[in-house]
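Please read the structure below before turning to the comments.
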Amino acid sequence: MKKASPHTRRKVERDEPDRPKGSVPAVFRGVQILDLLAASGEALTLAEITQRVGLPKSSVLALCTSLVSTNLVRRTEQGYALGPRVLDWAHTYLNTTDITKEFVRTTDELGTLRKEGVVLAVLDGTDTVYVGCRNGVQPLGVTYRIGMRLPAHCTASGKALLSTLPEPRLRELFDARPLPALTPHSHTDLAGLSRDLAEAHRRGYAVDREETREGMVCVGAPIFDATGSHAVAAVAVSTLAIHADGHLDELAASVSELARLLSRRLGGRVPRLAVPEAD
């Protein structure tokens, strides 16, 4: 096998993550190839893989041959692509991951948002349903409970979920009907909601400015799993409006970090998507 040049070895060392002592380099390099194929979204030739991972061609060929033999990679006319065994692993992982348990574990581990109420919500039609909650110490006038249902267009978690949907799906959901208002600040038409969702999509988080309850501000961020670009859930933090002044960016950063950690534990990544068109 051809020995890598000092330049190539330095490049590989920079690109590979820190490895614990006693680990096997070939495993990390195999994962590097799998990550590359997953990110590309299409088959790559041996030359393309070699160029991107910075390893000798003979080493890449040996790794790809091994991955093909285990069905983690398949050989096509265009080159190498992910194999069916990866999908089996993904299904097993998703089936053994309980998002509500991850929510409790992650909120405890994160160490932030101790005083504020935090919820985990999913979308059911045009409503958000809370499937996890941790009430804060502030007197918000709302006690969150599992199973609680609210109009999605009024809540930060609901808007975070809706912001990941394409415009045609939003039109299908709301069917140009007047939107029910919980407060004078709630959206009552799809045009205004679409503009708000476009901004939420651009930022990566949604804000409920007294739209669910007067005197309360909430910030929500979407959670993704490995199945696609549409959020499967969302987390949101609630606080008093008078406490939100000057601290909104801090709340947004904390809830976005929580959503990012949950997405990672579900095997997903927050995608970079085009902002949905507003009405």
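Each chain in the structure tokens gets a letter, A, B and so on, in the order shown; residues start at 1 in every chain, and ligands are counted from 1 in the order they appear.
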Residues flagged helix (DSSP H, G or I) by DSSP in region 27-274 of chain A, as a JSON list (two decimals) with C-alpha atoms, in the first residue's frame:
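The file below, selection_10.json, is the result:
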[["chain", "number", "residue", "atom", "x", "y", "z"],
["A", 27, "VAL", "CA", -12.92, 3.14, 11.63],
["A", 28, "PHE", "CA", -12.81, 6.93, 11.75],
["A", 29, "ARG", "CA", -11.75, 7.09, 8.09],
["A", 30, "GLY", "CA", -14.56, 4.75, 7.10],
["A", 31, "VAL", "CA", -17.03, 7.01, 8.92],
["A", 32, "GLN", "CA", -15.44, 9.99, 7.15],
["A", 33, "ILE", "CA", -16.31, 8.39, 3.81],
["A", 34, "LEU", "CA", -19.86, 7.60, 4.96],
["A", 35, "ASP", "CA", -20.32, 11.21, 6.09],
["A", 36, "LEU", "CA", -19.01, 12.43, 2.74],
["A", 37, "LEU", "CA", -21.45, 10.24, 0.79],
["A", 38, "ALA", "CA", -24.34, 11.29, 3.02],
["A", 39, "ALA", "CA", -23.55, 14.98, 2.58],
["A", 40, "SER", "CA", -23.14, 14.75, -1.20],
["A", 46, "LEU", "CA", -13.20, 6.95, -6.31],
["A", 47, "ALA", "CA", -11.21, 9.96, -7.50],
["A", 48, "GLU", "CA", -13.71, 12.41, -5.96],
["A", 49, "ILE", "CA", -13.68, 10.61, -2.62],
["A", 50, "THR", "CA", -9.88, 10.45, -2.64],
["A", 51, "GLN", "CA", -9.59, 14.16, -3.34],
["A", 52, "ARG", "CA", -12.03, 15.15, -0.59],
["A", 53, "VAL", "CA", -10.80, 12.91, 2.22],
["A", 57, "LYS", "CA", -6.14, 6.31, -3.53],
["A", 58, "SER", "CA", -5.18, 2.75, -2.56],
["A", 59, "SER", "CA", -6.35, 3.35, 1.03],
["A", 60, "VAL", "CA", -9.66, 4.82, -0.14],
["A", 61, "LEU", "CA", -10.20, 1.87, -2.49],
["A", 62, "ALA", "CA", -9.57, -0.59, 0.36],
["A", 63, "LEU", "CA", -11.98, 1.29, 2.64],
["A", 64, "CYS", "CA", -14.69, 1.51, -0.03],
["A", 65, "THR", "CA", -14.32, -2.19, -0.86],
["A", 66, "SER", "CA", -14.76, -3.07, 2.82],
["A", 67, "LEU", "CA", -17.79, -0.79, 3.14],
["A", 68, "VAL", "CA", -19.35, -2.30, 0.01],
["A", 69, "SER", "CA", -18.86, -5.83, 1.39],
["A", 84, "PRO", "CA", -29.12, -0.23, 2.44],
["A", 85, "ARG", "CA", -27.57, -1.22, 5.75],
["A", 86, "VAL", "CA", -27.33, 2.44, 6.75],
["A", 87, "LEU", "CA", -31.12, 2.68, 6.45],
["A", 88, "ASP", "CA", -31.59, -0.37, 8.68],
["A", 89, "TRP", "CA", -29.44, 1.26, 11.34],
["A", 90, "ALA", "CA", -31.31, 4.55, 11.01],
["A", 91, "HIS", "CA", -34.69, 2.86, 11.49],
["A", 92, "THR", "CA", -33.43, 0.97, 14.51],
["A", 93, "TYR", "CA", -32.01, 4.12, 16.06],
["A", 94, "LEU", "CA", -35.21, 6.10, 15.50],
["A", 95, "ASN", "CA", -37.37, 3.29, 16.89],
["A", 99, "ILE", "CA", -38.02, 12.27, 22.08],
["A", 100, "THR", "CA", -39.83, 13.05, 25.33],
["A", 101, "LYS", "CA", -37.17, 11.25, 27.36],
["A", 102, "GLU", "CA", -34.49, 13.07, 25.39],
["A", 103, "PHE", "CA", -36.26, 16.36, 26.11],
["A", 104, "VAL", "CA", -36.17, 15.77, 29.87],
["A", 105, "ARG", "CA", -32.59, 14.56, 29.80],
["A", 106, "THR", "CA", -31.34, 17.39, 27.60],
["A", 107, "THR", "CA", -33.08, 20.20, 29.50],
["A", 108, "ASP", "CA", -31.53, 18.87, 32.71],
["A", 109, "GLU", "CA", -28.07, 18.58, 31.15],
["A", 110, "LEU", "CA", -28.08, 21.95, 29.39],
["A", 156, "ALA", "CA", -43.75, 30.01, 19.33],
["A", 157, "SER", "CA", -43.42, 26.23, 19.12],
["A", 158, "GLY", "CA", -46.21, 26.04, 16.56],
["A", 159, "LYS", "CA", -44.71, 28.78, 14.40],
["A", 160, "ALA", "CA", -41.30, 27.12, 14.63],
["A", 161, "LEU", "CA", -42.87, 23.92, 13.26],
["A", 162, "LEU", "CA", -44.88, 25.74, 10.57],
["A", 167, "GLU", "CA", -46.02, 27.56, 1.32],
["A", 168, "PRO", "CA", -48.41, 25.16, -0.52],
["A", 169, "ARG", "CA", -48.63, 23.01, 2.61],
["A", 170, "LEU", "CA", -49.47, 26.08, 4.71],
["A", 171, "ARG", "CA", -52.24, 27.02, 2.31],
["A", 172, "GLU", "CA", -53.56, 23.48, 2.47],
["A", 173, "LEU", "CA", -53.57, 23.52, 6.28],
["A", 174, "PHE", "CA", -55.28, 26.87, 6.75],
["A", 190, "LEU", "CA", -52.43, 33.75, 6.32],
["A", 191, "ALA", "CA", -50.64, 36.68, 4.69],
["A", 192, "GLY", "CA", -49.43, 38.08, 8.01],
["A", 193, "LEU", "CA", -48.63, 34.63, 9.34],
["A", 194, "SER", "CA", -46.59, 33.77, 6.24],
["A", 195, "ARG", "CA", -44.45, 36.87, 6.65],
["A", 196, "ASP", "CA", -43.83, 35.98, 10.29],
["A", 197, "LEU", "CA", -42.94, 32.37, 9.36],
["A", 198, "ALA", "CA", -40.54, 33.54, 6.65],
["A", 199, "GLU", "CA", -38.71, 35.63, 9.22],
["A", 200, "ALA", "CA", -38.71, 32.73, 11.70],
["A", 201, "HIS", "CA", -37.29, 30.46, 9.02],
["A", 202, "ARG", "CA", -34.54, 32.93, 8.23],
["A", 203, "ARG", "CA", -33.55, 33.33, 11.89],
["A", 241, "ALA", "CA", -42.87, 40.23, 28.52],
["A", 242, "ILE", "CA", -41.31, 42.67, 30.99],
["A", 243, "HIS", "CA", -38.43, 40.22, 31.52],
["A", 244, "ALA", "CA", -37.94, 39.61, 27.80],
["A", 248, "LEU", "CA", -34.66, 38.01, 23.80],
["A", 249, "ASP", "CA", -31.38, 37.19, 22.02],
["A", 250, "GLU", "CA", -30.21, 35.24, 25.07],
["A", 251, "LEU", "CA", -33.45, 33.26, 25.23],
["A", 252, "ALA", "CA", -33.28, 32.58, 21.49],
["A", 253, "ALA", "CA", -29.72, 31.31, 21.79],
["A", 254, "SER", "CA", -30.62, 28.98, 24.67],
["A", 255, "VAL", "CA", -33.72, 27.49, 23.05],
["A", 256, "SER", "CA", -31.90, 27.12, 19.71],
["A", 257, "GLU", "CA", -29.09, 25.24, 21.46],
["A", 258, "LEU", "CA", -31.65, 22.95, 23.11],
["A", 259, "ALA", "CA", -33.29, 22.27, 19.73],
["A", 260, "ARG", "CA", -29.90, 21.62, 18.14],
["A", 261, "LEU", "CA", -28.94, 19.10, 20.81],
["A", 262, "LEU", "CA", -32.27, 17.30, 20.51],
["A", 263, "SER", "CA", -31.96, 17.23, 16.72],
["A", 264, "ARG", "CA", -28.51, 15.70, 17.03],
["A", 265, "ARG", "CA", -29.80, 13.01, 19.39]]
### Task
DSSP on the backbone, then: every residue of region 96-204 of chain A marked strand (DSSP E), written as JSON, numbers by chain.
{"A": [117, 118, 119, 120, 121, 122, 123, 124, 127, 128, 129, 130, 131, 132, 133, 134, 149, 150, 151]}
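Computed from the coordinates, the CA of Pro166 (chain A) to CA of Val129 (chain A) distance equals 20.8 Å.
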Residues of region 157-248 of chain A within 7 Å of region 112-119 of chain A: nearest atom pair and distance (Å, one decimal) for each, counting only C-alpha atoms, sorted by chain and number, as CSV?
residue,atom,partner,partner_atom,distance
A:Val235,CA,A:Val119,CA,5.5
A:Ala236,CA,A:Val119,CA,5.4
A:Val237,CA,A:Val118,CA,4.5
A:Ser238,CA,A:Gly117,CA,5.2
A:Thr239,CA,A:Glu116,CA,5.8
Just-selected residues, N, CA and C atoms written as a short mmCIF file (atom, residue, chain, number, x, y, z; two decimals), in the first residue's frame:
data_model
loop_
_atom_site.label_atom_id
_atom_site.label_comp_id
_atom_site.auth_asym_id
_atom_site.auth_seq_id
_atom_site.Cartn_x
_atom_site.Cartn_y
_atom_site.Cartn_z
N VAL A 235 -39.21 23.01 20.46
CA VAL A 235 -39.12 23.39 21.86
C VAL A 235 -39.35 24.89 21.95
N ALA A 236 -39.92 25.31 23.07
CA ALA A 236 -40.17 26.74 23.26
C ALA A 236 -39.99 27.09 24.73
N VAL A 237 -39.55 28.31 24.96
CA VAL A 237 -39.37 28.83 26.31
C VAL A 237 -40.28 30.05 26.47
N SER A 238 -40.89 30.16 27.64
CA SER A 238 -41.82 31.25 27.92
C SER A 238 -41.33 32.09 29.07
N THR A 239 -41.56 33.39 28.97
CA THR A 239 -41.18 34.31 30.05
C THR A 239 -42.13 35.50 30.03
#
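Between CA of Ile146 (chain A) and CA of Cys133 (chain A) the interatomic distance comes to 6.6 Å.
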### Query
Residues at most 6 Å from Leu240 (chain A), counting only C-alpha atoms, excluding those fewer than 6 positions away in the same chain, as a PyMOL selection string?
chain A and resi 215-217
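CA of Ala221 (chain A) sits 5.5 Å away from CA of Ala234 (chain A).
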